[in-house]
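*Asks:* Below is the file work_37.pdb, with PDB, C-alpha atoms and all ligand atoms.
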ATOM      1  CA  MET V   1    -131.619   4.746 -72.486
ATOM      2  CA  GLY V   2    -130.730   1.675 -70.424
ATOM      3  CA  ALA V   3    -132.960  -0.128 -68.006
ATOM      4  CA  PRO V   4    -133.495   1.733 -64.729
ATOM      5  CA  GLU V   5    -131.297   0.708 -61.792
ATOM      6  CA  PRO V   6    -133.124  -1.765 -59.570
ATOM      7  CA  ARG V   7    -134.192  -0.002 -56.383
ATOM      8  CA  LYS V   8    -131.946  -0.861 -53.459
ATOM      9  CA  THR V   9    -134.052  -2.575 -50.825
ATOM     10  CA  THR V  10    -131.892  -1.494 -47.886
ATOM     11  CA  PRO V  11    -130.416   1.913 -48.790
ATOM     12  CA  LEU V  12    -130.004   3.049 -45.182
ATOM     13  CA  VAL V  13    -128.220   0.000 -43.823
ATOM     14  CA  SER V  14    -126.158  -0.879 -46.895
ATOM     15  CA  ARG V  15    -122.617   0.449 -47.135
ATOM     16  CA  GLU V  16    -122.103   2.919 -49.960
ATOM     17  CA  PRO V  17    -118.786   2.504 -51.798
ATOM     18  CA  GLY V  18    -116.093   3.959 -49.523
ATOM     19  CA  GLN V  19    -118.516   4.623 -46.650
ATOM     20  CA  PRO V  20    -116.729   4.279 -43.294
ATOM     21  CA  ASN V  21    -117.986   2.215 -40.368
ATOM     22  CA  THR V  22    -120.673   3.884 -38.291
ATOM     23  CA  ILE V  23    -119.810   4.072 -34.613
ATOM     24  CA  VAL V  24    -122.813   3.573 -32.340
ATOM     25  CA  THR V  25    -122.349   5.192 -28.944
ATOM     26  CA  VAL V  26    -124.181   4.090 -25.802
ATOM     27  CA  GLY V  27    -123.091   6.207 -22.828
ATOM     28  CA  ASP V  28    -119.302   6.002 -23.023
ATOM     29  CA  VAL V  29    -119.363   2.682 -24.896
ATOM     30  CA  CYS V  30    -118.553   2.714 -28.620
ATOM     31  CA  PHE V  31    -119.659  -0.099 -30.932
ATOM     32  CA  GLY V  32    -117.686  -0.317 -34.155
ATOM     33  CA  GLY V  33    -114.412   1.221 -33.010
ATOM     34  CA  THR V  34    -111.179  -0.611 -32.196
ATOM     35  CA  LYS V  35    -112.413  -1.821 -28.825
ATOM     36  CA  VAL V  36    -114.517  -4.978 -28.726
ATOM     37  CA  VAL V  37    -117.486  -4.316 -26.424
ATOM     38  CA  LEU V  38    -118.256  -6.936 -23.762
ATOM     39  CA  ILE V  39    -121.870  -6.942 -22.548
ATOM     40  CA  GLY V  40    -122.605  -9.268 -19.643
ATOM     41  CA  GLY V  41    -125.508 -10.041 -17.381
ATOM     42  CA  PRO V  42    -128.168 -12.587 -16.602
ATOM     43  CA  CYS V  43    -130.804 -13.886 -18.956
ATOM     44  CA  ALA V  44    -133.488 -12.455 -16.691
ATOM     45  CA  VAL V  45    -133.522  -9.821 -13.980
ATOM     46  CA  GLU V  46    -134.570 -11.711 -10.839
ATOM     47  CA  ASP V  47    -133.856  -9.606  -7.773
ATOM     48  CA  LYS V  48    -131.784  -6.744  -6.427
ATOM     49  CA  ASP V  49    -128.993  -8.832  -4.942
ATOM     50  CA  GLN V  50    -128.573 -10.953  -8.093
ATOM     51  CA  MET V  51    -128.317  -7.829 -10.233
ATOM     52  CA  ALA V  52    -125.913  -5.984  -7.909
ATOM     53  CA  ARG V  53    -123.545  -8.933  -7.618
ATOM     54  CA  THR V  54    -123.638  -9.809 -11.290
ATOM     55  CA  ALA V  55    -123.117  -6.174 -12.354
ATOM     56  CA  ASP V  56    -120.069  -5.853 -10.107
ATOM     57  CA  GLN V  57    -118.594  -9.026 -11.563
ATOM     58  CA  VAL V  58    -119.184  -7.832 -15.119
ATOM     59  CA  ALA V  59    -117.481  -4.501 -14.429
ATOM     60  CA  PHE V  60    -114.621  -6.132 -12.513
ATOM     61  CA  VAL V  61    -113.404  -8.140 -15.520
ATOM     62  CA  GLY V  62    -113.741  -5.307 -18.014
ATOM     63  CA  GLY V  63    -117.308  -5.715 -19.201
ATOM     64  CA  THR V  64    -118.633  -2.316 -20.245
ATOM     65  CA  MET V  65    -122.400  -2.866 -20.483
ATOM     66  CA  LEU V  66    -124.981  -4.699 -18.408
ATOM     67  CA  ARG V  67    -127.793  -6.816 -19.834
ATOM     68  CA  GLY V  68    -130.827  -8.449 -18.216
ATOM     69  CA  GLY V  69    -134.309  -9.313 -19.423
ATOM     70  CA  ALA V  70    -137.284  -7.706 -17.700
ATOM     71  CA  TRP V  71    -139.805  -8.982 -20.273
ATOM     72  CA  LYS V  72    -138.849 -12.514 -21.284
ATOM     73  CA  PRO V  73    -140.102 -14.142 -24.503
ATOM     74  CA  ARG V  74    -140.697 -17.659 -23.131
ATOM     75  CA  THR V  75    -141.850 -20.577 -25.245
ATOM     76  CA  SER V  76    -144.307 -21.653 -22.569
ATOM     77  CA  PRO V  77    -146.761 -19.192 -21.042
ATOM     78  CA  TYR V  78    -146.263 -20.990 -17.713
ATOM     79  CA  ASP V  79    -142.513 -20.248 -17.531
ATOM     80  CA  PHE V  80    -141.100 -17.204 -15.699
ATOM     81  CA  GLN V  81    -142.044 -14.207 -17.846
ATOM     82  CA  GLY V  82    -139.785 -11.631 -16.186
ATOM     83  CA  LEU V  83    -140.491  -8.923 -13.631
ATOM     84  CA  GLY V  84    -141.595  -6.328 -16.185
ATOM     85  CA  ALA V  85    -141.299  -2.681 -15.153
ATOM     86  CA  ALA V  86    -139.977  -3.634 -11.705
ATOM     87  CA  GLY V  87    -137.199  -5.616 -13.398
ATOM     88  CA  LEU V  88    -136.326  -2.657 -15.588
ATOM     89  CA  ASP V  89    -135.872  -0.526 -12.465
ATOM     90  CA  LEU V  90    -133.668  -3.164 -10.806
ATOM     91  CA  LEU V  91    -131.524  -3.379 -13.937
ATOM     92  CA  ALA V  92    -131.170   0.404 -14.061
ATOM     93  CA  GLU V  93    -130.235   0.592 -10.401
ATOM     94  CA  ALA V  94    -127.557  -2.106 -10.774
ATOM     95  CA  GLY V  95    -126.180  -0.455 -13.905
ATOM     96  CA  ARG V  96    -125.947   2.942 -12.202
ATOM     97  CA  ALA V  97    -124.190   1.494  -9.163
ATOM     98  CA  ALA V  98    -121.641  -0.381 -11.287
ATOM     99  CA  GLY V  99    -121.203   2.460 -13.807
ATOM    100  CA  LEU V 100    -122.482   0.353 -16.725
ATOM    101  CA  PRO V 101    -125.010   1.416 -19.378
ATOM    102  CA  ILE V 102    -127.870  -1.080 -19.722
ATOM    103  CA  VAL V 103    -129.521  -2.964 -22.566
ATOM    104  CA  THR V 104    -132.791  -4.849 -22.267
ATOM    105  CA  GLU V 105    -135.317  -6.477 -24.554
ATOM    106  CA  VAL V 106    -138.610  -4.813 -25.369
ATOM    107  CA  LEU V 107    -141.264  -7.272 -26.509
ATOM    108  CA  ASP V 108    -144.387  -5.170 -26.855
ATOM    109  CA  PRO V 109    -144.704  -1.974 -28.904
ATOM    110  CA  ARG V 110    -146.791  -0.559 -26.030
ATOM    111  CA  ASP V 111    -143.775  -0.778 -23.684
ATOM    112  CA  VAL V 112    -141.288   1.011 -25.947
ATOM    113  CA  ALA V 113    -141.748   4.490 -24.420
ATOM    114  CA  LEU V 114    -141.368   3.105 -20.901
ATOM    115  CA  VAL V 115    -138.235   1.105 -21.740
ATOM    116  CA  ALA V 116    -136.719   3.972 -23.736
ATOM    117  CA  GLY V 117    -137.221   6.232 -20.731
ATOM    118  CA  THR V 118    -134.907   4.066 -18.623
ATOM    119  CA  ALA V 119    -132.675   1.798 -20.739
ATOM    120  CA  ASP V 120    -129.628   3.073 -22.631
ATOM    121  CA  MET V 121    -130.189   0.631 -25.509
ATOM    122  CA  LEU V 122    -133.258  -1.384 -26.577
ATOM    123  CA  GLN V 123    -132.938  -4.992 -27.676
ATOM    124  CA  ILE V 124    -135.180  -6.572 -30.283
ATOM    125  CA  GLY V 125    -135.104 -10.298 -29.589
ATOM    126  CA  SER V 126    -134.786 -13.121 -32.057
ATOM    127  CA  ARG V 127    -138.495 -13.881 -31.928
ATOM    128  CA  SER V 128    -139.403 -10.259 -32.687
ATOM    129  CA  VAL V 129    -137.081  -9.626 -35.635
ATOM    130  CA  GLN V 130    -140.007  -9.411 -38.035
ATOM    131  CA  ASN V 131    -142.476  -7.720 -35.700
ATOM    132  CA  PHE V 132    -142.693  -4.716 -38.006
ATOM    133  CA  PRO V 133    -144.825  -2.465 -35.757
ATOM    134  CA  LEU V 134    -142.285  -3.056 -32.951
ATOM    135  CA  LEU V 135    -139.360  -2.283 -35.286
ATOM    136  CA  ARG V 136    -141.003   1.018 -36.285
ATOM    137  CA  GLU V 137    -141.757   1.984 -32.697
ATOM    138  CA  VAL V 138    -138.229   1.230 -31.524
ATOM    139  CA  GLY V 139    -136.733   3.021 -34.533
ATOM    140  CA  ALA V 140    -138.561   6.183 -33.546
ATOM    141  CA  CYS V 141    -137.827   6.064 -29.798
ATOM    142  CA  GLY V 142    -134.551   7.962 -29.871
ATOM    143  CA  LYS V 143    -132.422   5.247 -28.207
ATOM    144  CA  PRO V 144    -129.833   2.952 -29.856
ATOM    145  CA  VAL V 145    -131.141  -0.451 -30.918
ATOM    146  CA  LEU V 146    -129.620  -3.931 -30.637
ATOM    147  CA  LEU V 147    -131.203  -6.104 -33.326
ATOM    148  CA  LYS V 148    -130.870  -9.843 -32.800
ATOM    149  CA  ARG V 149    -130.989 -12.135 -35.794
ATOM    150  CA  GLY V 150    -134.099 -14.249 -35.921
ATOM    151  CA  MET V 151    -133.463 -17.955 -35.517
ATOM    152  CA  MET V 152    -134.989 -18.447 -38.966
ATOM    153  CA  THR V 153    -134.159 -15.223 -40.798
ATOM    154  CA  THR V 154    -131.735 -14.998 -43.668
ATOM    155  CA  VAL V 155    -129.130 -12.243 -43.691
ATOM    156  CA  SER V 156    -131.176 -10.475 -46.342
ATOM    157  CA  GLU V 157    -134.366 -10.550 -44.229
ATOM    158  CA  TRP V 158    -132.368  -9.381 -41.206
ATOM    159  CA  LEU V 159    -131.057  -6.421 -43.207
ATOM    160  CA  SER V 160    -134.622  -5.516 -44.176
ATOM    161  CA  SER V 161    -135.638  -5.568 -40.513
ATOM    162  CA  ALA V 162    -132.778  -3.182 -39.734
ATOM    163  CA  GLU V 163    -133.975  -0.987 -42.590
ATOM    164  CA  TYR V 164    -137.380  -0.705 -40.843
ATOM    165  CA  VAL V 165    -135.613   0.637 -37.739
ATOM    166  CA  LEU V 166    -133.549   3.174 -39.667
ATOM    167  CA  ALA V 167    -136.476   4.179 -41.881
ATOM    168  CA  ALA V 168    -138.347   5.074 -38.686
ATOM    169  CA  GLY V 169    -135.659   7.614 -37.817
ATOM    170  CA  SER V 170    -132.934   5.788 -35.894
ATOM    171  CA  LYS V 171    -129.324   6.125 -36.954
ATOM    172  CA  GLU V 172    -127.975   3.874 -34.225
ATOM    173  CA  LEU V 173    -128.373   0.160 -34.745
ATOM    174  CA  VAL V 174    -126.108  -2.739 -33.826
ATOM    175  CA  PHE V 175    -126.664  -6.203 -35.325
ATOM    176  CA  CYS V 176    -126.366  -9.249 -33.036
ATOM    177  CA  GLU V 177    -125.828 -12.731 -34.490
ATOM    178  CA  ARG V 178    -127.143 -15.353 -32.031
ATOM    179  CA  GLY V 179    -127.268 -18.544 -34.023
ATOM    180  CA  ILE V 180    -129.827 -20.010 -36.372
ATOM    181  CA  ARG V 181    -131.783 -23.251 -36.580
ATOM    182  CA  THR V 182    -130.189 -25.866 -38.805
ATOM    183  CA  PHE V 183    -130.230 -29.667 -39.018
ATOM    184  CA  GLU V 184    -127.459 -29.723 -36.399
ATOM    185  CA  SER V 185    -128.633 -30.490 -32.889
ATOM    186  CA  ALA V 186    -125.355 -30.764 -30.944
ATOM    187  CA  LEU V 187    -125.779 -27.162 -29.812
ATOM    188  CA  ARG V 188    -128.942 -25.147 -29.184
ATOM    189  CA  ASN V 189    -128.398 -23.192 -32.413
ATOM    190  CA  THR V 190    -125.733 -23.004 -35.111
ATOM    191  CA  LEU V 191    -123.651 -19.854 -34.767
ATOM    192  CA  ASP V 192    -123.351 -18.357 -38.242
ATOM    193  CA  ILE V 193    -119.917 -16.794 -38.032
ATOM    194  CA  GLY V 194    -120.118 -16.162 -41.772
ATOM    195  CA  SER V 195    -122.879 -13.623 -41.219
ATOM    196  CA  VAL V 196    -120.456 -11.475 -39.217
ATOM    197  CA  ALA V 197    -118.010 -11.300 -42.106
ATOM    198  CA  VAL V 198    -120.818 -10.638 -44.607
ATOM    199  CA  LEU V 199    -122.477  -7.890 -42.554
ATOM    200  CA  LYS V 200    -119.171  -6.164 -41.836
ATOM    201  CA  GLU V 201    -118.694  -5.982 -45.594
ATOM    202  CA  ILE V 202    -122.144  -4.984 -46.790
ATOM    203  CA  THR V 203    -123.333  -2.695 -43.994
ATOM    204  CA  HIS V 204    -121.688   0.249 -42.252
ATOM    205  CA  LEU V 205    -123.253  -0.681 -38.900
ATOM    206  CA  PRO V 206    -121.573  -2.548 -36.014
ATOM    207  CA  VAL V 207    -122.056  -6.299 -35.582
ATOM    208  CA  ILE V 208    -121.811  -8.203 -32.316
ATOM    209  CA  VAL V 209    -122.281 -11.870 -31.395
ATOM    210  CA  ASP V 210    -124.246 -13.614 -28.640
ATOM    211  CA  PRO V 211    -122.438 -16.931 -28.098
ATOM    212  CA  SER V 212    -124.713 -17.872 -25.173
ATOM    213  CA  HIS V 213    -127.979 -18.401 -27.042
ATOM    214  CA  ALA V 214    -126.004 -19.900 -29.934
ATOM    215  CA  ALA V 215    -124.341 -22.550 -27.758
ATOM    216  CA  GLY V 216    -127.071 -23.202 -25.222
ATOM    217  CA  ASP V 217    -124.391 -24.780 -23.038
ATOM    218  CA  ALA V 218    -121.856 -22.930 -20.886
ATOM    219  CA  ARG V 219    -119.087 -25.357 -21.921
ATOM    220  CA  TYR V 220    -119.028 -24.010 -25.471
ATOM    221  CA  VAL V 221    -119.686 -20.304 -24.963
ATOM    222  CA  THR V 222    -116.067 -19.171 -24.651
ATOM    223  CA  ALA V 223    -114.910 -20.994 -27.799
ATOM    224  CA  LEU V 224    -117.736 -19.401 -29.806
ATOM    225  CA  ALA V 225    -116.926 -16.001 -28.315
ATOM    226  CA  ARG V 226    -113.290 -16.289 -29.376
ATOM    227  CA  ALA V 227    -114.379 -17.300 -32.880
ATOM    228  CA  ALA V 228    -116.664 -14.258 -33.022
ATOM    229  CA  VAL V 229    -113.861 -11.860 -32.132
ATOM    230  CA  ALA V 230    -111.573 -13.571 -34.632
ATOM    231  CA  ALA V 231    -114.241 -13.120 -37.338
ATOM    232  CA  GLY V 232    -114.354  -9.374 -36.718
ATOM    233  CA  ALA V 233    -117.262  -8.942 -34.318
ATOM    234  CA  ASP V 234    -117.429  -5.532 -32.646
ATOM    235  CA  GLY V 235    -118.712  -6.966 -29.394
ATOM    236  CA  LEU V 236    -120.060  -9.895 -27.406
ATOM    237  CA  LEU V 237    -123.330 -10.330 -25.516
ATOM    238  CA  VAL V 238    -122.812 -13.016 -22.876
ATOM    239  CA  GLU V 239    -125.121 -14.417 -20.224
ATOM    240  CA  THR V 240    -123.534 -14.486 -16.792
ATOM    241  CA  HIS V 241    -125.045 -14.813 -13.328
ATOM    242  CA  CYS V 242    -123.605 -14.727  -9.812
ATOM    243  CA  SER V 243    -125.113 -18.234  -9.287
ATOM    244  CA  PRO V 244    -126.115 -19.851 -12.618
ATOM    245  CA  ASP V 245    -127.519 -22.924 -10.843
ATOM    246  CA  LYS V 246    -130.168 -20.660  -9.305
ATOM    247  CA  ALA V 247    -131.008 -18.792 -12.540
ATOM    248  CA  LEU V 248    -134.723 -18.697 -13.404
ATOM    249  CA  SER V 249    -133.984 -18.952 -17.135
ATOM    250  CA  ASP V 250    -131.163 -20.179 -19.393
ATOM    251  CA  GLY V 251    -129.034 -21.368 -16.436
ATOM    252  CA  VAL V 252    -127.407 -24.147 -18.476
ATOM    253  CA  GLN V 253    -125.795 -21.699 -20.915
ATOM    254  CA  THR V 254    -124.985 -19.067 -18.293
ATOM    255  CA  LEU V 255    -121.375 -18.487 -17.199
ATOM    256  CA  ASP V 256    -120.444 -18.195 -13.543
ATOM    257  CA  PRO V 257    -118.151 -15.320 -12.527
ATOM    258  CA  THR V 258    -114.981 -17.418 -12.942
ATOM    259  CA  GLN V 259    -115.979 -18.583 -16.419
ATOM    260  CA  PHE V 260    -116.963 -15.050 -17.410
ATOM    261  CA  ALA V 261    -113.574 -13.725 -16.267
ATOM    262  CA  ALA V 262    -111.824 -16.430 -18.291
ATOM    263  CA  LEU V 263    -113.913 -15.550 -21.365
ATOM    264  CA  ALA V 264    -112.954 -11.883 -21.037
ATOM    265  CA  GLU V 265    -109.282 -12.749 -20.730
ATOM    266  CA  SER V 266    -109.131 -15.121 -23.677
ATOM    267  CA  CYS V 267    -111.222 -12.900 -25.959
ATOM    268  CA  ARG V 268    -109.007  -9.960 -25.023
ATOM    269  CA  ALA V 269    -105.991 -11.953 -26.205
ATOM    270  CA  VAL V 270    -107.705 -12.649 -29.546
ATOM    271  CA  ALA V 271    -108.698  -8.987 -29.906
ATOM    272  CA  ARG V 272    -105.128  -7.852 -29.223
ATOM    273  CA  ALA V 273    -103.731 -10.318 -31.737
ATOM    274  CA  LEU V 274    -105.885  -8.517 -34.310
ATOM    275  CA  GLY V 275    -104.814  -5.003 -33.276
ATOM    276  CA  ARG V 276    -107.960  -4.420 -31.250
ATOM    277  CA  ASP V 277    -108.660  -4.550 -27.511
ATOM    278  CA  LEU V 278    -111.439  -5.617 -25.193
TER     279      LEU V 278
HETATM  280  C1  LIG A   1    -131.992 -12.688 -24.778
HETATM  281  O1  LIG A   1    -130.943 -12.178 -25.189
HETATM  282  O2  LIG A   1    -132.397 -12.538 -23.643
HETATM  283  C2  LIG A   1    -132.788 -13.543 -25.678
HETATM  284  C3  LIG A   1    -134.035 -13.926 -25.356
HETATM  285  O3  LIG A   1    -132.154 -13.900 -26.792
HETATM  286  P1  LIG A   1    -132.747 -14.313 -28.235
HETATM  287  O4  LIG A   1    -133.793 -13.308 -28.555
HETATM  288  O5  LIG A   1    -131.540 -14.254 -29.098
HETATM  289  O6  LIG A   1    -133.287 -15.700 -28.075
HETATM  290 MN    MN A   2    -131.478 -16.054 -22.297
END
Could you take the file, read its structure, and then write that structure out as C-alpha cells?
Ligand code: PEP
Ligand code: MN
*Replies:*
Amino acid sequence: MGAPEPRKTTPLVSREPGQPNTIVTVGDVCFGGTKVVLIGGPCAVEDKDQMARTADQVAFVGGTMLRGGAWKPRTSPYDFQGLGAAGLDLLAEAGRAAGLPIVTEVLDPRDVALVAGTADMLQIGSRSVQNFPLLREVGACGKPVLLKRGMMTTVSEWLSSAEYVLAAGSKELVFCERGIRTFESALRNTLDIGSVAVLKEITHLPVIVDPSHAAGDARYVTALARAAVAAGADGLLVETHCSPDKALSDGVQTLDPTQFAALAESCRAVARALGRDL
C-alpha cells in the first residue's frame, strides 16, 4: 500500500483534469464565456446625479455592469466612508435605469443580508480577502461573489479564500486581480498579470482584472487593461466617474467618460484579435 494522497486544500476551486470553465452569470452578463465583461463605475457612490450620469456613460460604450462603493474601506477613519445603505439604493436605482446589473463591496458580515437583497453581485475587497467570517457569510448568501486579491496574499492564499466561499455553499465566484504590494513604487500596486494565466489554468472559475487600483493613476489604466485582456482575463473592473476631479475617493486613478470610451474601444480590439469580444 502506498502513502495516502495528500488532501487537496482547494478541491472546490481547483480544476479537475478535463473540467471545463465555469460560467458565472449575473443577470444577463456571463463571466467566463467568449465575451470579456466590462464593469465600470465610480469608486464610491456619491449622489443620484453622479450615479445616473456615470451609469449612462458606462452603458453607452458597451459596459455591461455597474460598480460603486456604498461602504468604503478607507485607510483613515476621517476619510469619506461611503453612504452605506442609502448609497446601495442609489446604485440600484442607477443600475435599473441604465439596464446594468450592479456589484458593490460588502465590508461587514452584518451587512451581507442587506446587500444581497439589493445587489446582483457582492464584492469582497482586497482588505477583506482573509476575513473568514465574511467569506462564509457571503458564500451562503445566494448571490455571485467577486473576490479581489489581497494586496499581500499569494495566489495560494487567495485560492484558499475562494474555497471558504464555495465551502459555504456558493457555486458562483469570480476572481479579481487588482495588483499587489512589491518593492516597486512607480505605480500604486504591481499588477500581477501572471496570476491571471495561473488561475485560468488551475481553477475552473472566471478571472477578471481591476487595472484602476493596480495603476493608481488614470494615465496607466488603459495599458494595464489591454494587458489583462491579452493575458486571458474574462473581464475588467474599471473606475470611471462623470467628473473624476470631483470624486470623493480615488479620483486620480478614475477615468473620465472619454478615457473610459477609449479603454473600451482598445480593449475590444485586443479581445477580437484573440477571437473574443467585449
Ligand atoms: C474597490 O474596488 O472599490 C476597492 C476598494 O478595491 P480594492 O479592495 O481592490 O482596494
Ligand atoms: Mn477605489
*Asks:* Between CA of Arg96 (chain V) and CA of Lys48 (chain V), what is the distance, to one decimal in Å?
*Replies:* 12.7 Å
*Asks:* Please work out which residues fall within 8 Å of (-129.8, -7.6, -47.4), coordinates as given in the file, with only C-alpha atoms counting, and return them as a list in words.
*Replies:*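 These residues have at least one counted atom within 8 Å: Thr9, Thr10, Ser14, Val155, Ser156, Glu157, Trp158, Leu159 and Ser160 of chain V.
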*Asks:* What are the closest atom pairs, with distances in Å to one decimal, for each residue of chain V lying within 12 Å of ligand MN 2 (chain A), using only C-alpha atoms and all ligand atoms, rows by chain and rising residue number, as a tab-separated table?
*Replies:*
residue	atom	partner	partner_atom	distance
V:Gly40	CA	A:MN2	MN	11.5
V:Gly41	CA	A:MN2	MN	9.8
V:Pro42	CA	A:MN2	MN	7.4
V:Cys43	CA	A:MN2	MN	4.0
V:Ala44	CA	A:MN2	MN	7.0
V:Val45	CA	A:MN2	MN	10.6
V:Arg67	CA	A:MN2	MN	10.2
V:Gly68	CA	A:MN2	MN	8.7
V:Gly69	CA	A:MN2	MN	7.9
V:Ala70	CA	A:MN2	MN	11.2
V:Trp71	CA	A:MN2	MN	11.1
V:Lys72	CA	A:MN2	MN	8.2
V:Pro73	CA	A:MN2	MN	9.1
V:Arg74	CA	A:MN2	MN	9.4
V:Thr75	CA	A:MN2	MN	11.7
V:Phe80	CA	A:MN2	MN	11.7
V:Gln81	CA	A:MN2	MN	11.6
V:Gly82	CA	A:MN2	MN	11.2
V:Thr104	CA	A:MN2	MN	11.3
V:Glu105	CA	A:MN2	MN	10.6
V:Gly125	CA	A:MN2	MN	10.0
V:Ser126	CA	A:MN2	MN	10.7
V:Arg178	CA	A:MN2	MN	10.7
V:Arg188	CA	A:MN2	MN	11.7
V:Asp210	CA	A:MN2	MN	9.9
V:Pro211	CA	A:MN2	MN	10.8
V:Ser212	CA	A:MN2	MN	7.6
V:His213	CA	A:MN2	MN	6.3
V:Ala214	CA	A:MN2	MN	10.2
V:Ala215	CA	A:MN2	MN	11.1
V:Gly216	CA	A:MN2	MN	8.9
V:Asp217	CA	A:MN2	MN	11.3
V:Ala218	CA	A:MN2	MN	11.9
V:Leu237	CA	A:MN2	MN	10.5
V:Val238	CA	A:MN2	MN	9.2
V:Glu239	CA	A:MN2	MN	6.9
V:Thr240	CA	A:MN2	MN	9.8
V:His241	CA	A:MN2	MN	11.1
V:Pro244	CA	A:MN2	MN	11.7
V:Ala247	CA	A:MN2	MN	10.1
V:Leu248	CA	A:MN2	MN	9.8
V:Ser249	CA	A:MN2	MN	6.4
V:Asp250	CA	A:MN2	MN	5.1
V:Gly251	CA	A:MN2	MN	8.3
V:Val252	CA	A:MN2	MN	9.8
V:Gln253	CA	A:MN2	MN	8.1
V:Thr254	CA	A:MN2	MN	8.2
V:Leu255	CA	A:MN2	MN	11.6
*Asks:* Extract, using only C-alpha atoms, all DNA, RNA and protein residues at most 8 Å from Cys267 (chain V), discarding same-chain residues fewer than 6 positions from it, and format them as a list in words.
*Replies:*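 Within the cut-off, the hits are Ala225, Arg226, Val229 and Leu278 of chain V.
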*Asks:* Just to be explicit: take each residue in the selection above, keep C-alpha atoms, and write the result as an mmCIF file, in the coordinates of the input.
*Replies:*
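The resulting part-v8.cif:
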data_model
loop_
_atom_site.group_PDB
_atom_site.id
_atom_site.type_symbol
_atom_site.label_atom_id
_atom_site.label_comp_id
_atom_site.auth_asym_id
_atom_site.auth_seq_id
_atom_site.Cartn_x
_atom_site.Cartn_y
_atom_site.Cartn_z
ATOM 1 C CA ALA V 225 -116.926 -16.001 -28.315
ATOM 2 C CA ARG V 226 -113.290 -16.289 -29.376
ATOM 3 C CA VAL V 229 -113.861 -11.860 -32.132
ATOM 4 C CA LEU V 278 -111.439 -5.617 -25.193
#
*Asks:* To one decimal in Å, tell me the separation between CA of Pro133 (chain V) and atom O3 of ligand LIG 1 (chain A).
*Replies:* 19.3 Å
*Asks:* Choose the residue, out of V:Val198, V:Cys176, V:Ile193, V:Leu236, that has the smallest atom-to-atom separation from ligand LIG 1 (chain A); count all atoms listed in the file.
*Replies:*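 Among V:Val198, V:Cys176, V:Ile193, V:Leu236, it is V:Cys176 that comes nearest to ligand LIG 1 (chain A).
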*Asks:* Identify all residues satisfying the PyMOL selection byres (((chain V and resi 13) around 8) and not hetatm) in the given file; provide them as a PDB file with C-alpha atoms, in the coordinates of the input.
*Replies:*
ATOM      1  CA  THR V  10    -131.892  -1.494 -47.886  1.00  0.00           C
ATOM      2  CA  PRO V  11    -130.416   1.913 -48.790  1.00  0.00           C
ATOM      3  CA  LEU V  12    -130.004   3.049 -45.182  1.00  0.00           C
ATOM      4  CA  SER V  14    -126.158  -0.879 -46.895  1.00  0.00           C
ATOM      5  CA  ARG V  15    -122.617   0.449 -47.135  1.00  0.00           C
ATOM      6  CA  LEU V 159    -131.057  -6.421 -43.207  1.00  0.00           C
ATOM      7  CA  ALA V 162    -132.778  -3.182 -39.734  1.00  0.00           C
ATOM      8  CA  GLU V 163    -133.975  -0.987 -42.590  1.00  0.00           C
ATOM      9  CA  LEU V 166    -133.549   3.174 -39.667  1.00  0.00           C
ATOM     10  CA  THR V 203    -123.333  -2.695 -43.994  1.00  0.00           C
ATOM     11  CA  HIS V 204    -121.688   0.249 -42.252  1.00  0.00           C
ATOM     12  CA  LEU V 205    -123.253  -0.681 -38.900  1.00  0.00           C
TER      13      LEU V 205
END
*Asks:* Report, in Å to a single decimal, how far apart atom O1 of ligand LIG 1 (chain A) and CA of Asn21 (chain V) are.
*Replies:*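 Separation between CA of Asn21 (chain V) and atom O1 of ligand LIG 1 (chain A): 24.6 Å.
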*Asks:* With all atoms listed in the file as the counted atoms, please give the residues lying no more than 12 Å from region 23-29 of chain V, apart from itself and same-chain residues fewer than 4 positions off, as a ChimeraX atom specification.
*Replies:* /V:33-39,62-66,95-96,99-103,119-122,142-146,170-175,204-208,234-235,278
*Asks:* On this structure, which residues satisfy the PyMOL selection byres (((chain V and resi 130) around 12) and not hetatm), written as a PyMOL selection string?
*Replies:* chain V and resi 107+124-129+131-136+147-154+157-165
*Asks:* Hey, which of V:Ser76, V:Gln50, V:Gln123, V:Thr118 ends up closest to ligand LIG 1 (chain A)? Count only C-alpha atoms and all ligand atoms.
*Replies:*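 Looking only at the distances to ligand LIG 1 (chain A), the closest residue turns out to be V:Gln123.
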*Asks:* Please, what is the axis-aligned box for every listed atom of region 256-272 of chain V with 3 Å on each side, as centre and edge lengths in Å to one decimal, as JSON?
*Replies:*
{"center_x": -112.8, "center_y": -13.2, "center_z": -21.2, "size_x": 21.3, "size_y": 16.7, "size_z": 23.4}
*Asks:* Looking at only C-alpha atoms and all ligand atoms, which of V:Ala168, V:Ala97, V:Ala55, V:Leu191 is the one that sits closest to ligand LIG 1 (chain A)?
*Replies:*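 Ranked by minimum distance to ligand LIG 1 (chain A), first place goes to V:Leu191.
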*Asks:* So, with only C-alpha atoms as the atoms that count, which of V:Asp49, V:Ala98, V:Ala186, V:Asp192 lies closest to Ala227 (chain V)?
*Replies:* V:Asp192
*Asks:* Select, from V:Leu263, V:Ala231, V:Val106, V:Ala140, the residue with the minimum atom-to-atom distance to ligand LIG 1 (chain A), counting only C-alpha atoms and all ligand atoms.
*Replies:*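 Checking each of V:Leu263, V:Ala231, V:Val106, V:Ala140 against ligand LIG 1 (chain A), counting only C-alpha atoms and all ligand atoms, the winner is V:Val106.
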*Asks:* I need the residue nearest ligand LIG 1 (chain A) from this list: V:Leu187, V:Val209, V:Leu88, V:Val112. Use all atoms listed in the file for the distance.
*Replies:* V:Val209
